[in-house]
$ cat final-v9.pdb   # PDB, C-alpha atoms
ATOM      1  CA  MET A 181     140.487 112.350  77.689
ATOM      2  CA  ASN A 182     142.093 110.090  80.244
ATOM      3  CA  THR A 183     139.588 111.219  82.841
ATOM      4  CA  SER A 184     136.689 110.343  80.523
ATOM      5  CA  VAL A 185     138.147 106.893  79.745
ATOM      6  CA  THR A 186     138.742 106.232  83.431
ATOM      7  CA  ARG A 187     135.188 107.297  84.288
ATOM      8  CA  ASN A 188     133.702 105.051  81.592
ATOM      9  CA  ALA A 189     135.840 102.119  82.680
ATOM     10  CA  SER A 190     134.762 102.657  86.282
ATOM     11  CA  ALA A 191     131.102 102.762  85.226
ATOM     12  CA  VAL A 192     131.480  99.571  83.184
ATOM     13  CA  PHE A 193     133.142  97.785  86.099
ATOM     14  CA  THR A 194     130.539  99.048  88.589
ATOM     15  CA  TYR A 195     127.510  98.089  86.520
ATOM     16  CA  GLY A 196     129.118  94.825  85.472
ATOM     17  CA  PHE A 197     129.768  93.899  89.092
ATOM     18  CA  LEU A 198     126.244  94.903  90.152
ATOM     19  CA  GLY A 199     124.777  92.943  87.246
ATOM     20  CA  LEU A 200     126.765  89.856  88.222
ATOM     21  CA  MET A 201     125.647  90.128  91.854
ATOM     22  CA  ALA A 202     122.043  90.607  90.749
ATOM     23  CA  PHE A 203     122.247  87.516  88.544
ATOM     24  CA  LEU A 204     123.737  85.428  91.352
ATOM     25  CA  SER A 205     120.934  86.592  93.639
ATOM     26  CA  VAL A 206     118.143  85.833  91.170
ATOM     27  CA  PHE A 207     119.616  82.624  89.723
ATOM     28  CA  PRO A 208     118.333  80.264  92.475
ATOM     29  CA  PHE A 209     114.779  81.472  91.856
ATOM     30  CA  ILE A 210     115.214  81.102  88.075
ATOM     31  CA  TRP A 211     116.603  77.593  88.571
ATOM     32  CA  MET A 212     113.661  76.790  90.845
ATOM     33  CA  VAL A 213     111.146  77.922  88.213
ATOM     34  CA  LEU A 214     112.912  75.962  85.473
ATOM     35  CA  GLY A 215     113.147  72.938  87.764
ATOM     36  CA  ALA A 216     109.381  72.990  88.256
ATOM     37  CA  THR A 217     108.994  72.314  84.526
ATOM     38  CA  ASN A 218     111.357  69.330  84.518
ATOM     39  CA  SER A 219     111.163  65.801  85.839
ATOM     40  CA  SER A 220     113.116  64.757  88.895
ATOM     41  CA  ILE A 221     115.702  62.917  86.762
ATOM     42  CA  ASP A 222     116.328  65.986  84.596
ATOM     43  CA  ILE A 223     116.781  68.142  87.702
ATOM     44  CA  ILE A 224     119.321  65.696  89.117
ATOM     45  CA  LYS A 225     121.182  65.787  85.782
ATOM     46  CA  GLY A 226     121.385  69.579  86.072
ATOM     47  CA  ASN A 227     119.142  70.469  83.164
ATOM     48  CA  LEU A 228     118.712  74.263  83.020
ATOM     49  CA  LEU A 229     116.320  74.340  80.080
ATOM     50  CA  PRO A 230     112.517  74.483  80.320
ATOM     51  CA  GLY A 231     110.910  71.049  80.361
ATOM     52  CA  GLU A 232     107.441  69.628  79.749
ATOM     53  CA  ALA A 233     106.640  68.206  83.180
ATOM     54  CA  LEU A 234     105.082  71.289  84.779
ATOM     55  CA  ALA A 235     101.502  70.012  84.628
ATOM     56  CA  THR A 236     102.577  66.632  85.989
ATOM     57  CA  ASN A 237     104.520  68.200  88.858
ATOM     58  CA  VAL A 238     101.659  70.530  89.771
ATOM     59  CA  GLY A 239      99.172  67.644  89.673
ATOM     60  CA  ASN A 240     101.401  65.438  91.830
ATOM     61  CA  PHE A 241     101.894  68.230  94.352
ATOM     62  CA  PHE A 242      98.163  68.826  94.746
ATOM     63  CA  THR A 243      97.658  65.056  95.015
ATOM     64  CA  LEU A 244     100.289  64.546  97.711
ATOM     65  CA  VAL A 245      99.569  67.693  99.710
ATOM     66  CA  ASN A 246      96.373  69.085 101.185
ATOM     67  CA  VAL A 247      97.217  72.524  99.822
ATOM     68  CA  PRO A 248      94.314  74.536 101.327
ATOM     69  CA  LEU A 249      94.995  73.087 104.790
ATOM     70  CA  VAL A 250      98.763  73.666 104.882
ATOM     71  CA  PHE A 251      98.429  77.184 103.465
ATOM     72  CA  TRP A 252      95.716  77.951 106.004
ATOM     73  CA  ASN A 253      97.976  76.671 108.782
ATOM     74  CA  SER A 254     100.859  78.842 107.571
ATOM     75  CA  ALA A 255      98.632  81.878 107.111
ATOM     76  CA  LYS A 256      97.086  81.499 110.560
ATOM     77  CA  VAL A 257     100.440  81.166 112.302
ATOM     78  CA  THR A 258     101.980  84.010 110.294
ATOM     79  CA  ILE A 259      99.125  86.480 110.736
ATOM     80  CA  LEU A 260      98.810  85.816 114.470
ATOM     81  CA  ALA A 261     102.568  86.070 115.010
ATOM     82  CA  THR A 262     102.863  89.221 112.914
ATOM     83  CA  VAL A 263      99.971  91.107 114.514
ATOM     84  CA  LEU A 264     100.893  90.165 118.087
ATOM     85  CA  THR A 265     104.614  90.820 117.567
ATOM     86  CA  LEU A 266     104.007  94.263 116.083
ATOM     87  CA  ALA A 267     101.559  95.169 118.857
ATOM     88  CA  VAL A 268     103.792  94.042 121.733
ATOM     89  CA  SER A 269     107.110  95.172 120.251
ATOM     90  CA  SER A 270     105.889  98.628 119.218
ATOM     91  CA  LEU A 271     104.416  99.199 122.670
ATOM     92  CA  ALA A 272     107.691  98.088 124.267
ATOM     93  CA  GLY A 273     109.795 100.236 121.934
ATOM     94  CA  TYR A 274     107.552 103.236 122.585
ATOM     95  CA  GLY A 275     107.738 102.698 126.334
ATOM     96  CA  PHE A 276     111.521 102.258 126.419
ATOM     97  CA  GLU A 277     112.003 105.568 124.598
ATOM     98  CA  MET A 278     109.263 107.721 126.082
ATOM     99  CA  PHE A 279     109.297 106.815 129.770
ATOM    100  CA  ARG A 280     112.397 107.784 131.714
ATOM    101  CA  SER A 281     113.520 105.798 134.759
ATOM    102  CA  ARG A 282     116.722 104.688 136.449
ATOM    103  CA  GLN A 283     116.176 101.030 135.664
ATOM    104  CA  ARG A 284     115.097 101.514 132.048
ATOM    105  CA  GLU A 285     118.518 101.209 130.436
ATOM    106  CA  ARG A 286     119.468  98.234 132.590
ATOM    107  CA  VAL A 287     116.357  96.338 131.568
ATOM    108  CA  TYR A 288     116.915  97.338 127.937
ATOM    109  CA  ARG A 289     120.529  96.112 127.974
ATOM    110  CA  VAL A 290     119.495  92.790 129.487
ATOM    111  CA  MET A 291     116.865  92.430 126.777
ATOM    112  CA  LEU A 292     119.443  93.110 124.062
ATOM    113  CA  LEU A 293     121.739  90.499 125.584
ATOM    114  CA  THR A 294     119.086  87.884 124.766
ATOM    115  CA  LEU A 295     119.954  88.428 121.094
ATOM    116  CA  MET A 296     123.244  86.652 121.804
ATOM    117  CA  ILE A 297     121.537  83.475 123.002
ATOM    118  CA  PRO A 298     121.195  80.929 120.162
ATOM    119  CA  PHE A 299     117.738  79.493 119.676
ATOM    120  CA  ALA A 300     119.140  75.966 120.010
ATOM    121  CA  ALA A 301     119.831  76.737 123.679
ATOM    122  CA  LEU A 302     116.202  77.739 124.210
ATOM    123  CA  MET A 303     114.464  74.858 122.456
ATOM    124  CA  ILE A 304     114.414  72.417 125.375
ATOM    125  CA  PRO A 305     113.178  74.937 127.996
ATOM    126  CA  LEU A 306     110.549  76.191 125.544
ATOM    127  CA  PHE A 307     109.425  72.661 124.732
ATOM    128  CA  ILE A 308     109.094  71.845 128.452
ATOM    129  CA  MET A 309     107.090  75.030 129.016
ATOM    130  CA  MET A 310     104.764  74.273 126.110
ATOM    131  CA  GLY A 311     104.384  70.682 127.263
ATOM    132  CA  LYS A 312     103.400  71.705 130.794
ATOM    133  CA  SER A 313     100.965  74.236 129.324
ATOM    134  CA  GLY A 314      99.371  71.603 127.095
ATOM    135  CA  LEU A 315     100.208  73.516 123.933
ATOM    136  CA  ILE A 316     102.285  70.902 122.102
ATOM    137  CA  ASN A 317     100.975  70.288 118.575
ATOM    138  CA  THR A 318      99.071  73.585 118.538
ATOM    139  CA  HIS A 319      99.715  76.690 116.489
ATOM    140  CA  LEU A 320      99.714  78.777 119.647
ATOM    141  CA  ALA A 321     102.939  77.030 120.652
ATOM    142  CA  VAL A 322     104.547  78.361 117.470
ATOM    143  CA  VAL A 323     103.210  81.896 117.891
ATOM    144  CA  LEU A 324     103.878  82.619 121.570
ATOM    145  CA  PRO A 325     107.726  82.397 121.597
ATOM    146  CA  SER A 326     107.957  84.839 118.699
ATOM    147  CA  ILE A 327     105.869  87.643 120.198
ATOM    148  CA  GLY A 328     108.528  89.202 122.425
ATOM    149  CA  SER A 329     111.137  89.800 119.736
ATOM    150  CA  ALA A 330     114.139  91.691 121.126
ATOM    151  CA  PHE A 331     115.229  92.715 117.638
ATOM    152  CA  VAL A 332     111.839  94.205 116.721
ATOM    153  CA  ILE A 333     111.664  96.027 120.074
ATOM    154  CA  PHE A 334     115.141  97.419 119.398
ATOM    155  CA  TYR A 335     114.066  98.470 115.904
ATOM    156  CA  PHE A 336     110.967 100.276 117.182
ATOM    157  CA  ARG A 337     112.882 102.048 119.931
ATOM    158  CA  GLN A 338     115.513 103.306 117.490
ATOM    159  CA  SER A 339     112.784 104.492 115.123
ATOM    160  CA  THR A 340     110.894 106.157 117.972
ATOM    161  CA  LYS A 341     113.901 108.434 118.540
ATOM    162  CA  ALA A 342     112.822 110.239 115.361
ATOM    163  CA  PHE A 343     109.249 110.677 116.609
ATOM    164  CA  PRO A 344     108.598 114.405 117.198
ATOM    165  CA  SER A 345     108.279 114.950 120.940
ATOM    166  CA  GLU A 346     106.276 118.132 120.211
ATOM    167  CA  LEU A 347     103.386 116.006 118.990
ATOM    168  CA  ARG A 348     103.264 114.093 122.256
ATOM    169  CA  ASP A 349     103.478 117.275 124.307
ATOM    170  CA  ALA A 350     100.706 118.919 122.271
ATOM    171  CA  ALA A 351      98.516 115.835 122.663
ATOM    172  CA  LYS A 352      98.997 115.915 126.434
ATOM    173  CA  VAL A 353      97.995 119.574 126.486
ATOM    174  CA  ASP A 354      94.844 118.639 124.568
ATOM    175  CA  GLY A 355      94.002 116.109 127.279
ATOM    176  CA  LEU A 356      94.818 112.849 125.480
ATOM    177  CA  LYS A 357      95.808 109.882 127.590
ATOM    178  CA  GLU A 358      98.950 107.892 126.880
ATOM    179  CA  TRP A 359      97.136 105.059 125.112
ATOM    180  CA  GLN A 360      95.326 107.592 122.913
ATOM    181  CA  ILE A 361      98.621 109.266 122.010
ATOM    182  CA  PHE A 362     100.065 105.889 121.053
ATOM    183  CA  LEU A 363      97.045 104.712 119.075
ATOM    184  CA  PHE A 364      95.961 107.885 117.297
ATOM    185  CA  ILE A 365      99.216 109.814 116.902
ATOM    186  CA  TYR A 366     102.210 107.496 117.209
ATOM    187  CA  VAL A 367     100.903 104.660 115.040
ATOM    188  CA  PRO A 368      99.856 106.851 112.045
ATOM    189  CA  VAL A 369     103.084 108.874 112.185
ATOM    190  CA  MET A 370     105.245 105.715 112.341
ATOM    191  CA  ARG A 371     103.419 103.832 109.586
ATOM    192  CA  SER A 372     106.605 103.428 107.518
ATOM    193  CA  THR A 373     108.303 101.826 110.513
ATOM    194  CA  TYR A 374     105.335  99.506 110.973
ATOM    195  CA  ALA A 375     105.450  98.570 107.284
ATOM    196  CA  ALA A 376     109.148  97.653 107.423
ATOM    197  CA  ALA A 377     108.655  95.694 110.642
ATOM    198  CA  PHE A 378     105.613  93.975 109.136
ATOM    199  CA  ILE A 379     107.652  92.670 106.211
ATOM    200  CA  ILE A 380     110.474  91.449 108.461
ATOM    201  CA  VAL A 381     108.168  89.711 110.939
ATOM    202  CA  PHE A 382     105.901  88.295 108.217
ATOM    203  CA  MET A 383     108.787  86.734 106.287
ATOM    204  CA  THR A 384     110.340  85.347 109.471
ATOM    205  CA  ALA A 385     107.068  83.794 110.622
ATOM    206  CA  TRP A 386     106.161  82.393 107.208
ATOM    207  CA  ASN A 387     109.587  80.788 106.692
ATOM    208  CA  ASN A 388     109.911  79.559 110.277
ATOM    209  CA  TYR A 389     111.011  75.932 110.226
ATOM    210  CA  LEU A 390     112.967  74.650 113.231
ATOM    211  CA  TRP A 391     110.546  75.448 116.061
ATOM    212  CA  PRO A 392     107.390  74.336 114.161
ATOM    213  CA  LEU A 393     109.229  71.115 113.292
ATOM    214  CA  ILE A 394     109.604  70.420 117.019
ATOM    215  CA  VAL A 395     106.161  71.330 118.330
ATOM    216  CA  LEU A 396     103.853  70.506 115.386
ATOM    217  CA  GLN A 397     103.639  66.731 115.355
ATOM    218  CA  SER A 398     100.534  65.907 113.296
ATOM    219  CA  ASN A 399      99.864  66.352 109.590
ATOM    220  CA  GLU A 400      96.765  68.433 110.346
ATOM    221  CA  THR A 401      98.813  71.200 112.004
ATOM    222  CA  LYS A 402     101.897  71.317 109.766
ATOM    223  CA  THR A 403     102.806  74.437 107.809
ATOM    224  CA  ILE A 404     103.955  74.649 104.194
ATOM    225  CA  THR A 405     107.646  74.742 105.132
ATOM    226  CA  LEU A 406     107.347  71.465 107.033
ATOM    227  CA  VAL A 407     105.434  69.825 104.207
ATOM    228  CA  ILE A 408     108.031  70.813 101.612
ATOM    229  CA  SER A 409     110.790  69.550 103.899
ATOM    230  CA  SER A 410     109.046  66.188 104.240
ATOM    231  CA  LEU A 411     108.696  65.947 100.454
ATOM    232  CA  ALA A 412     112.381  66.723  99.972
ATOM    233  CA  SER A 413     113.489  64.185 102.614
ATOM    234  CA  ALA A 414     111.463  61.271 101.246
ATOM    235  CA  TYR A 415     113.237  58.049 100.313
ATOM    236  CA  TYR A 416     112.742  58.850  96.608
ATOM    237  CA  PRO A 417     112.127  62.605  96.543
ATOM    238  CA  ASP A 418     110.426  64.044  93.480
ATOM    239  CA  TYR A 419     112.383  67.257  93.045
ATOM    240  CA  GLY A 420     109.969  68.602  90.445
ATOM    241  CA  VAL A 421     107.161  68.438  93.012
ATOM    242  CA  VAL A 422     109.462  70.035  95.605
ATOM    243  CA  MET A 423     110.182  72.902  93.206
ATOM    244  CA  VAL A 424     106.465  73.489  92.637
ATOM    245  CA  GLY A 425     105.831  73.563  96.375
ATOM    246  CA  THR A 426     108.744  75.920  96.956
ATOM    247  CA  ILE A 427     107.455  78.339  94.325
ATOM    248  CA  LEU A 428     103.975  78.340  95.841
ATOM    249  CA  ALA A 429     105.436  78.871  99.312
ATOM    250  CA  THR A 430     107.504  81.810  98.042
ATOM    251  CA  LEU A 431     104.631  83.679  96.390
ATOM    252  CA  PRO A 432     103.043  85.159  99.572
ATOM    253  CA  THR A 433     106.313  86.677 100.789
ATOM    254  CA  LEU A 434     107.084  88.024  97.315
ATOM    255  CA  ALA A 435     103.630  89.585  97.088
ATOM    256  CA  VAL A 436     103.936  91.225 100.518
ATOM    257  CA  PHE A 437     107.417  92.571  99.793
ATOM    258  CA  PHE A 438     106.640  94.004  96.348
ATOM    259  CA  PHE A 439     103.380  95.497  97.576
ATOM    260  CA  MET A 440     105.091  97.253 100.499
ATOM    261  CA  GLN A 441     108.626  97.776  99.200
ATOM    262  CA  ARG A 442     108.393 101.587  99.177
ATOM    263  CA  GLN A 443     107.225 101.680 102.801
ATOM    264  CA  PHE A 444     109.911  99.129 103.659
ATOM    265  CA  VAL A 445     112.672 101.369 102.310
ATOM    266  CA  GLN A 446     111.240 104.407 104.087
ATOM    267  CA  GLY A 447     110.969 102.485 107.351
ATOM    268  CA  MET A 448     114.524 101.163 107.161
ATOM    269  CA  LEU A 449     115.801 104.693 106.516
ATOM    270  CA  GLY A 450     113.945 105.947 109.583
ATOM    271  CA  SER A 451     111.440 108.044 107.649
ATOM    272  CA  VAL A 452     108.779 109.703 109.795
ATOM    273  CA  LYS A 453     105.760 111.408 108.267
TER     274      LYS A 453
END

$ encode --input "final-v9.pdb" --output "structure tokens"
Amino acid sequence: MNTSVTRNASAVFTYGFLGLMAFLSVFPFIWMVLGATNSSIDIIKGNLLPGEALATNVGNFFTLVNVPLVFWNSAKVTILATVLTLAVSSLAGYGFEMFRSRQRERVYRVMLLTLMIPFAALMIPLFIMMGKSGLINTHLAVVLPSIGSAFVIFYFRQSTKAFPSELRDAAKVDGLKEWQIFLFIYVPVMRSTYAAAFIIVFMTAWNNYLWPLIVLQSNETKTITLVISSLASAYYPDYGVVMVGTILATLPTLAVFFFMQRQFVQGMLGSVK
């Protein structure tokens, strides 16, 4: 009897704690959705009830912001950064694991050490490099620094440890070259890893703020994160409009995550098929 009571109490505490944590995690999004229906004054007052200003806020947002342009800018930067990062990082991770050499681990350790360098220390050298290359105020300046991601290379190398070496050996016996092994065997087998990396890189690129703020200097090149920031930092910010913009900016990442969440979990667990 005591064991049953203790087990039930433990279950109640566990699920109660998990429910509280889930509510705290979801509450900012709920507050954002409710805020989009209220006027700026009601949001400042802390109103947590649905309002009647949704249509007004949506109309004001589409009036103040060139929505197709800023979403196109964000999509272009994100897609380019994601595709190039996955291509370069997966090749690097594959190479670090598959090709043995005396200098491999030294180079790999140096690369991992770059994870300890804060981005604030790299901003000025990067800005000077982009300025000398004539890339300031271009989307290419946002994409290029993100391609060689040490974290994504590390992630691919760790995942490649689970790649069956027998497949590579069999492919070599069949006469496949290294690039054919990578493209036609490694990539399909590691699709869960690619899916997890895709979500991570996509969300990072879409939400990128600091570096685009530095290098994108005209309204025609700004991304959605920069536009929302400018709306929120106005002299008299309309928080209802900011909430609408934030919701719209969140939708692509939510769609990508929910569409690929199963592959994401498999990739993070190191699943190889």

$ closest_residue --input "final-v9.pdb" --among "A:Gly420, A:Thr426, A:Arg371, A:Leu390" --to "Gly239 of chain A" --atoms "all atoms listed in the file"
A:Gly420

$ resolve_selection --input "final-v9.pdb" --expression "the PyMOL selection byres ((chain A and resi 292) around 12)" --output "ChimeraX atom specification"
/A:285-291,293-297,328-335,337

$ closest_atom_pairs --input "final-v9.pdb" --of "segment 234-332 of chain A" --to "segment 350-369 of chain A" --cutoff "12 Å" --atoms "only C-alpha atoms" --output "Markdown table"
| residue | atom | partner | partner_atom | distance |
| --- | --- | --- | --- | --- |
| A:Leu266 | CA | A:Val367 | CA | 10.9 |
| A:Ala267 | CA | A:Val367 | CA | 10.3 |
| A:Ser270 | CA | A:Val367 | CA | 8.9 |
| A:Leu271 | CA | A:Phe362 | CA | 8.1 |
| A:Ala272 | CA | A:Phe362 | CA | 11.4 |
| A:Gly273 | CA | A:Phe362 | CA | 11.3 |
| A:Tyr274 | CA | A:Phe362 | CA | 8.1 |
| A:Gly275 | CA | A:Phe362 | CA | 9.8 |
| A:Met278 | CA | A:Glu358 | CA | 10.3 |
| A:Phe279 | CA | A:Glu358 | CA | 10.8 |

$ closest_residue --input "final-v9.pdb" --among "A:Gln441, A:Thr194, A:Thr262, A:Ser254" --to "Thr401 of chain A" --atoms "only C-alpha atoms"
A:Ser254

$ residues_around --input "final-v9.pdb" --residues "Ile380 of chain A" --least-positions-apart "3" --cutoff "10 Å" --atoms "all atoms listed in the file" --output "VMD selection string"
chain A and resid 262 332 374 to 377 383 to 385 433 437 444

$ closest_residue --input "final-v9.pdb" --among "A:Asn227, A:Ser413, A:Thr186, A:Ser372" --to "Phe336 of chain A" --atoms "only C-alpha atoms"
A:Ser372

$ closest_residue --input "final-v9.pdb" --among "A:Pro392, A:Gly425, A:Pro305, A:Pro344" --to "Asn253 of chain A" --atoms "all atoms listed in the file"
A:Pro392

$ resolve_selection --input "final-v9.pdb" --expression "the PyMOL selection byres ((chain A and resi 427) around 12)" --output "PyMOL selection string"
chain A and resi 208-217+237-238+241+404-405+408+420-426+428-434

$ atom_distance --input "final-v9.pdb" --atom1 "atom CA of Asn317 of chain A" --atom2 "atom CA of Tyr419 of chain A"
28.1 Å

$ closest_residue --input "final-v9.pdb" --among "A:Ala255, A:Met370, A:Val395, A:Leu200" --to "Pro325 of chain A" --atoms "all atoms listed in the file"
A:Val395

$ resolve_selection --input "final-v9.pdb" --expression "the PyMOL selection byres ((chain A and resi 394) around 10)" --output "list of chain:residue names"
A:Met303, A:Ile304, A:Phe307, A:Ile316, A:Asn317, A:Val322, A:Tyr389, A:Leu390, A:Trp391, A:Pro392, A:Leu393, A:Val395, A:Leu396, A:Gln397

$ closest_residue --input "final-v9.pdb" --among "A:Leu249, A:Ile379, A:Ile327, A:Leu411" --to "Leu264 of chain A" --atoms "only C-alpha atoms"
A:Ile327

$ atom_distance --input "final-v9.pdb" --atom1 "atom CA of Gln338 of chain A" --atom2 "atom CA of Ser281 of chain A"
17.6 Å

$ atom_distance --input "final-v9.pdb" --atom1 "atom CA of Pro248 of chain A" --atom2 "atom CA of Leu324 of chain A"
23.8 Å

$ axis_aligned_box --input "final-v9.pdb" --around "segment 275-288 of chain A" --padding-each-side "5 Å" --output "AutoDock Vina command-line options"
--center_x 113.6 --center_y 102.1 --center_z 130.5 --size_x 21.7 --size_y 21.4 --size_z 21.9

$ build_atoms --input "final-v9.pdb" --residues "segment 384-412 of chain A" --atoms "N, CA and C atoms" --output "tab-separated table (two decimals), keeping the file's coordinate frame"
chain	number	residue	atom	x	y	z
A	384	THR	N	109.76	86.23	108.46
A	384	THR	CA	110.34	85.35	109.47
A	384	THR	C	109.33	84.30	109.92
A	385	ALA	N	108.09	84.73	110.16
A	385	ALA	CA	107.07	83.79	110.62
A	385	ALA	C	106.67	82.81	109.53
A	386	TRP	N	106.57	83.28	108.30
A	386	TRP	CA	106.16	82.39	107.21
A	386	TRP	C	107.23	81.33	106.93
A	387	ASN	N	108.49	81.72	107.00
A	387	ASN	CA	109.59	80.79	106.69
A	387	ASN	C	110.09	80.02	107.91
A	388	ASN	N	109.47	80.23	109.06
A	388	ASN	CA	109.91	79.56	110.28
A	388	ASN	C	109.85	78.04	110.10
A	389	TYR	N	110.93	77.38	110.48
A	389	TYR	CA	111.01	75.93	110.23
A	389	TYR	C	111.36	75.12	111.48
A	390	LEU	N	112.43	75.51	112.17
A	390	LEU	CA	112.97	74.65	113.23
A	390	LEU	C	111.98	74.46	114.38
A	391	TRP	N	111.44	75.56	114.92
A	391	TRP	CA	110.55	75.45	116.06
A	391	TRP	C	109.23	74.76	115.69
A	392	PRO	N	108.58	75.11	114.56
A	392	PRO	CA	107.39	74.34	114.16
A	392	PRO	C	107.67	72.85	113.96
A	393	LEU	N	108.87	72.52	113.47
A	393	LEU	CA	109.23	71.11	113.29
A	393	LEU	C	109.21	70.37	114.62
A	394	ILE	N	109.53	71.05	115.70
A	394	ILE	CA	109.60	70.42	117.02
A	394	ILE	C	108.23	70.28	117.65
A	395	VAL	N	107.41	71.32	117.57
A	395	VAL	CA	106.16	71.33	118.33
A	395	VAL	C	104.94	70.88	117.53
A	396	LEU	N	104.99	70.94	116.19
A	396	LEU	CA	103.85	70.51	115.39
A	396	LEU	C	104.09	69.06	114.95
A	397	GLN	N	103.34	68.15	115.51
A	397	GLN	CA	103.64	66.73	115.36
A	397	GLN	C	102.61	65.96	114.53
A	398	SER	N	101.54	66.59	114.11
A	398	SER	CA	100.53	65.91	113.30
A	398	SER	C	100.43	66.58	111.94
A	399	ASN	N	99.99	65.82	110.94
A	399	ASN	CA	99.86	66.35	109.59
A	399	ASN	C	98.82	67.46	109.50
A	400	GLU	N	97.83	67.44	110.39
A	400	GLU	CA	96.76	68.43	110.35
A	400	GLU	C	97.22	69.82	110.79
A	401	THR	N	98.34	69.91	111.50
A	401	THR	CA	98.81	71.20	112.00
A	401	THR	C	100.06	71.71	111.29
A	402	LYS	N	100.63	70.93	110.39
A	402	LYS	CA	101.90	71.32	109.77
A	402	LYS	C	101.72	72.49	108.80
A	403	THR	N	102.78	73.30	108.72
A	403	THR	CA	102.81	74.44	107.81
A	403	THR	C	103.46	74.04	106.49
A	404	ILE	N	103.45	74.96	105.53
A	404	ILE	CA	103.96	74.65	104.19
A	404	ILE	C	105.45	74.35	104.21
A	405	THR	N	106.21	75.01	105.08
A	405	THR	CA	107.65	74.74	105.13
A	405	THR	C	107.93	73.32	105.60
A	406	LEU	N	107.16	72.83	106.55
A	406	LEU	CA	107.35	71.46	107.03
A	406	LEU	C	106.95	70.45	105.98
A	407	VAL	N	105.89	70.74	105.24
A	407	VAL	CA	105.43	69.82	104.21
A	407	VAL	C	106.47	69.72	103.09
A	408	ILE	N	107.01	70.84	102.67
A	408	ILE	CA	108.03	70.81	101.61
A	408	ILE	C	109.27	70.07	102.09
A	409	SER	N	109.64	70.27	103.35
A	409	SER	CA	110.79	69.55	103.90
A	409	SER	C	110.56	68.05	103.90
A	410	SER	N	109.34	67.63	104.24
A	410	SER	CA	109.05	66.19	104.24
A	410	SER	C	109.07	65.62	102.83
A	411	LEU	N	108.63	66.41	101.84
A	411	LEU	CA	108.70	65.95	100.45
A	411	LEU	C	110.14	65.80	99.99
A	412	ALA	N	110.98	66.75	100.40
A	412	ALA	CA	112.38	66.72	99.97
A	412	ALA	C	113.18	65.64	100.66
